[in-house]
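Report on one structure; see the data block that follows.
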Amino acid sequence: MVSYLIGEFETILGMNDKGRRRKPKPYIKHYLNNHGQVPIWVLMNYLSLGQTVKFFNFQESEIRRSIASTFTDLYRHEHSIPRNIRPKTLSRAFDHIKDMRNICVHDERLYCARVSPRNDTTFANVLDDLSLVLPASKSEEMRLQVLTELASLSNDLETISIIHILKKMGFESIDSLIQAA
């Protein structure tokens, strides 16, 4: 797996000699030509979400702990209730977010989607995962947008109840979504 990711990085940098040579982006080329290397913060702009999740998971445990600690500090700063975010929690959240994003990109049904190896992670769970890594204002904005869409949808439903949809999404009730916002 690590060799696969290294190959992806080499492709991004235009250094892959396995037939997948790609012309690097101008900002990547600038760093290669002027500095002989590309800082990770520049490379991260070019990685897919899946590559970024793999990159996090391939880090040594101390680096993953440091990243999780940074997210713990950011969460404490943004939310009224502190939360200790562990590397495993962060890795799972990243994986869930990636999987739900892929469902959206492939135009699949999101409201009843389940992700994780056990297919037990709902849309509601992923909103909680997003709250670990987003500023509180963005997380609340997203929940309010979901509420707005559900309110609009409930007016158009004829054969199924909004409560049924909410339960499929992982919410016990509309109140559970409102209280989390």
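To be explicit about the labels: the chains of the structure tokens are called A, B, and onward in the order shown, and within each one the residues are counted from 1, while ligands get numbers from 1 in the order they are shown.
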With only C-alpha atoms as the counted atoms, please give the residues lying no more than 12 Å from His79 in chain A, apart from itself and same-chain residues fewer than 2 positions off, as an mmCIF file with N, CA, C and O atoms, in the first residue's frame.
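Result saved to out-v3.cif:
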data_model
loop_
_atom_site.group_PDB
_atom_site.id
_atom_site.type_symbol
_atom_site.label_atom_id
_atom_site.label_comp_id
_atom_site.auth_asym_id
_atom_site.auth_seq_id
_atom_site.Cartn_x
_atom_site.Cartn_y
_atom_site.Cartn_z
ATOM 1 N N PHE A 71 -6.253 18.231 16.215
ATOM 2 C CA PHE A 71 -7.702 18.268 16.026
ATOM 3 C C PHE A 71 -8.428 18.364 17.371
ATOM 4 O O PHE A 71 -9.467 19.024 17.474
ATOM 5 N N THR A 72 -7.907 17.717 18.417
ATOM 6 C CA THR A 72 -8.487 17.831 19.756
ATOM 7 C C THR A 72 -8.448 19.283 20.219
ATOM 8 O O THR A 72 -9.441 19.814 20.732
ATOM 9 N N ASP A 73 -7.298 19.940 20.022
ATOM 10 C CA ASP A 73 -7.159 21.347 20.415
ATOM 11 C C ASP A 73 -8.101 22.246 19.614
ATOM 12 O O ASP A 73 -8.735 23.147 20.173
ATOM 13 N N LEU A 74 -8.193 22.014 18.314
ATOM 14 C CA LEU A 74 -9.098 22.804 17.475
ATOM 15 C C LEU A 74 -10.552 22.594 17.896
ATOM 16 O O LEU A 74 -11.337 23.536 17.962
ATOM 17 N N TYR A 75 -10.902 21.357 18.198
ATOM 18 C CA TYR A 75 -12.269 21.041 18.619
ATOM 19 C C TYR A 75 -12.580 21.757 19.942
ATOM 20 O O TYR A 75 -13.647 22.351 20.101
ATOM 21 N N ARG A 76 -11.652 21.694 20.874
ATOM 22 C CA ARG A 76 -11.832 22.351 22.172
ATOM 23 C C ARG A 76 -12.027 23.854 21.992
ATOM 24 O O ARG A 76 -12.852 24.469 22.661
ATOM 25 N N HIS A 77 -11.303 24.422 21.075
ATOM 26 C CA HIS A 77 -11.393 25.862 20.809
ATOM 27 C C HIS A 77 -12.737 26.225 20.165
ATOM 28 O O HIS A 77 -13.268 27.304 20.402
ATOM 29 N N ILE A 81 -18.152 21.743 24.438
ATOM 30 C CA ILE A 81 -17.833 20.498 25.139
ATOM 31 C C ILE A 81 -16.530 19.947 24.563
ATOM 32 O O ILE A 81 -16.449 19.645 23.377
ATOM 33 N N PRO A 82 -15.488 19.821 25.403
ATOM 34 C CA PRO A 82 -14.217 19.284 24.882
ATOM 35 C C PRO A 82 -14.352 17.810 24.514
ATOM 36 O O PRO A 82 -15.205 17.095 25.035
ATOM 37 N N ARG A 83 -13.515 17.393 23.603
ATOM 38 C CA ARG A 83 -13.525 16.001 23.160
ATOM 39 C C ARG A 83 -12.100 15.578 22.841
ATOM 40 O O ARG A 83 -11.380 16.294 22.156
ATOM 41 N N SER A 131 -18.062 17.030 12.234
ATOM 42 C CA SER A 131 -17.920 18.007 13.319
ATOM 43 C C SER A 131 -16.570 17.896 14.015
ATOM 44 O O SER A 131 -16.121 18.834 14.666
ATOM 45 N N LEU A 132 -15.896 16.753 13.865
ATOM 46 C CA LEU A 132 -14.557 16.587 14.444
ATOM 47 C C LEU A 132 -13.509 17.396 13.697
ATOM 48 O O LEU A 132 -12.492 17.784 14.277
ATOM 49 N N VAL A 133 -13.734 17.616 12.404
ATOM 50 C CA VAL A 133 -12.679 18.198 11.576
ATOM 51 C C VAL A 133 -13.041 19.553 10.972
ATOM 52 O O VAL A 133 -12.189 20.209 10.380
ATOM 53 N N LEU A 134 -14.299 19.960 11.106
ATOM 54 C CA LEU A 134 -14.732 21.259 10.575
ATOM 55 C C LEU A 134 -14.849 22.280 11.696
ATOM 56 O O LEU A 134 -15.129 21.909 12.841
ATOM 57 N N PRO A 135 -14.684 23.551 11.371
ATOM 58 C CA PRO A 135 -15.016 24.571 12.374
ATOM 59 C C PRO A 135 -16.480 24.427 12.783
ATOM 60 O O PRO A 135 -17.330 24.017 11.976
ATOM 61 N N ALA A 136 -16.794 24.760 14.019
ATOM 62 C CA ALA A 136 -18.156 24.599 14.537
ATOM 63 C C ALA A 136 -19.168 25.328 13.664
ATOM 64 O O ALA A 136 -20.261 24.809 13.410
ATOM 65 N N SER A 137 -18.814 26.509 13.172
ATOM 66 C CA SER A 137 -19.760 27.274 12.350
ATOM 67 C C SER A 137 -20.081 26.543 11.052
ATOM 68 O O SER A 137 -21.225 26.541 10.600
ATOM 69 N N LYS A 138 -19.106 25.891 10.442
ATOM 70 C CA LYS A 138 -19.342 25.150 9.198
ATOM 71 C C LYS A 138 -20.159 23.887 9.462
ATOM 72 O O LYS A 138 -21.024 23.518 8.671
ATOM 73 N N SER A 139 -19.887 23.229 10.565
ATOM 74 C CA SER A 139 -20.647 22.036 10.920
ATOM 75 C C SER A 139 -22.108 22.398 11.172
ATOM 76 O O SER A 139 -23.018 21.716 10.692
ATOM 77 N N GLU A 140 -22.343 23.482 11.904
ATOM 78 C CA GLU A 140 -23.712 23.928 12.167
ATOM 79 C C GLU A 140 -24.403 24.368 10.877
ATOM 80 O O GLU A 140 -25.570 24.046 10.651
ATOM 81 N N ALA A 180 -28.651 18.804 17.549
ATOM 82 C CA ALA A 180 -27.224 18.691 17.200
ATOM 83 C C ALA A 180 -26.740 19.937 16.467
ATOM 84 O O ALA A 180 -25.552 20.232 16.459
ATOM 85 N N ALA A 181 -27.662 20.684 15.847
ATOM 86 C CA ALA A 181 -27.269 21.883 15.085
ATOM 87 C C ALA A 181 -26.935 23.032 15.991
ATOM 88 O O ALA A 181 -27.163 23.104 17.121
#
Could you build a table of the residues in range 119-149 of chain A lying no more than 12 Å from range 155-163 of chain A, giving for each the nearest pair of atoms and their separation in Å rounded to one decimal place, using only C-alpha atoms, ordered by chain and ascending residue number, as CSV?
residue,atom,partner,partner_atom,distance
A:Leu147,CA,A:Ile162,CA,11.3
A:Thr148,CA,A:Asn155,CA,11.3
A:Glu149,CA,A:Asn155,CA,10.3
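For Met169 in chain A, the residues within 10 Å (counting only C-alpha atoms, excluding itself and residues fewer than 5 positions away along the chain) are Leu110, Tyr111, Cys112, Ala113, Arg114, Thr121, Thr122, Phe123, Ala124, Asn125, Val126, Ile163 and His164 of chain A.
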Please save C-alpha atoms of the selected residues as a compact mmCIF listing (two decimals), in the first residue's frame.
# COMPACT_ATOMS: atom_id res chain seq x y z
CA LEU A 110 -27.22 9.41 0.19
CA TYR A 111 -30.07 9.36 2.69
CA CYS A 112 -30.03 5.57 3.19
CA ALA A 113 -26.34 4.98 2.48
CA ARG A 114 -24.24 3.02 4.95
CA THR A 121 -22.30 4.22 9.64
CA THR A 122 -25.21 6.46 8.66
CA PHE A 123 -25.49 9.95 7.26
CA ALA A 124 -26.08 11.20 10.83
CA ASN A 125 -22.85 9.52 11.96
CA VAL A 126 -20.91 11.18 9.15
CA ILE A 163 -39.77 10.30 9.93
CA HIS A 164 -39.02 7.17 7.86
Quiz prompt | Å distance separating CA of Tyr31 in chain A from CA of Gly14 in chain A, one decimal place | solution = 12.4 Å
Exercise. Apply DSSP to the structure's backbone, then extract all residues of range 31-60 of chain A labelled alpha helix (DSSP H) and return them as a PyMOL selection string.
Key: chain A and resi 31-35+40-43+49-57
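Between CA of Val115 in chain A and CA of Asp99 in chain A the interatomic distance comes to 6.4 Å.
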Quiz prompt | Shell of 8 Å around range 41-56 of chain A, only C-alpha atoms, local chain residues under 4 positions omitted, as an NGL selection string | solution = :A and (5 or 12 or 27-28 or 64 or 91 or 94-95 or 98)
File dump, residues just selected, N, CA, C and O atoms, as a PDB file, in the first residue's frame:
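New file again-v7.pdb:
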ATOM      1  N   LEU A   5       1.060   4.456  -2.804  1.00  0.00           N
ATOM      2  CA  LEU A   5       0.970   5.889  -2.519  1.00  0.00           C
ATOM      3  C   LEU A   5       2.216   6.629  -3.001  1.00  0.00           C
ATOM      4  O   LEU A   5       2.121   7.718  -3.550  1.00  0.00           O
ATOM      5  N   ILE A  12       2.211  12.578  -9.464  1.00  0.00           N
ATOM      6  CA  ILE A  12       1.878  13.989  -9.223  1.00  0.00           C
ATOM      7  C   ILE A  12       3.086  14.877  -9.503  1.00  0.00           C
ATOM      8  O   ILE A  12       2.961  15.954 -10.095  1.00  0.00           O
ATOM      9  N   TYR A  27       2.561  25.052  -9.908  1.00  0.00           N
ATOM     10  CA  TYR A  27       3.072  25.299  -8.559  1.00  0.00           C
ATOM     11  C   TYR A  27       3.966  24.159  -8.071  1.00  0.00           C
ATOM     12  O   TYR A  27       4.921  24.379  -7.345  1.00  0.00           O
ATOM     13  N   ILE A  28       3.697  22.940  -8.535  1.00  0.00           N
ATOM     14  CA  ILE A  28       4.567  21.805  -8.199  1.00  0.00           C
ATOM     15  C   ILE A  28       5.896  21.958  -8.931  1.00  0.00           C
ATOM     16  O   ILE A  28       6.969  21.793  -8.357  1.00  0.00           O
ATOM     17  N   ARG A  64       0.549  10.464  13.737  1.00  0.00           N
ATOM     18  CA  ARG A  64      -0.920  10.388  13.806  1.00  0.00           C
ATOM     19  C   ARG A  64      -1.433  10.926  15.141  1.00  0.00           C
ATOM     20  O   ARG A  64      -2.443  11.623  15.184  1.00  0.00           O
ATOM     21  N   SER A  91      -9.018   8.517  12.010  1.00  0.00           N
ATOM     22  CA  SER A  91      -8.883   7.669  10.823  1.00  0.00           C
ATOM     23  C   SER A  91     -10.253   7.158  10.368  1.00  0.00           C
ATOM     24  O   SER A  91     -10.570   7.186   9.173  1.00  0.00           O
ATOM     25  N   PHE A  94     -12.226  10.087   8.877  1.00  0.00           N
ATOM     26  CA  PHE A  94     -11.746  10.388   7.522  1.00  0.00           C
ATOM     27  C   PHE A  94     -12.278   9.366   6.524  1.00  0.00           C
ATOM     28  O   PHE A  94     -12.702   9.718   5.422  1.00  0.00           O
ATOM     29  N   ASP A  95     -12.241   8.106   6.905  1.00  0.00           N
ATOM     30  CA  ASP A  95     -12.692   7.044   6.001  1.00  0.00           C
ATOM     31  C   ASP A  95     -14.194   7.168   5.725  1.00  0.00           C
ATOM     32  O   ASP A  95     -14.630   7.033   4.582  1.00  0.00           O
ATOM     33  N   LYS A  98     -14.786  10.164   3.447  1.00  0.00           N
ATOM     34  CA  LYS A  98     -14.368   9.815   2.079  1.00  0.00           C
ATOM     35  C   LYS A  98     -15.421   8.948   1.396  1.00  0.00           C
ATOM     36  O   LYS A  98     -15.797   9.199   0.250  1.00  0.00           O
TER      37      LYS A  98
END
Quiz item: By how many Å are CA of Cys104 in chain A and CA of Ser3 in chain A apart?
Solution: 28.6 Å
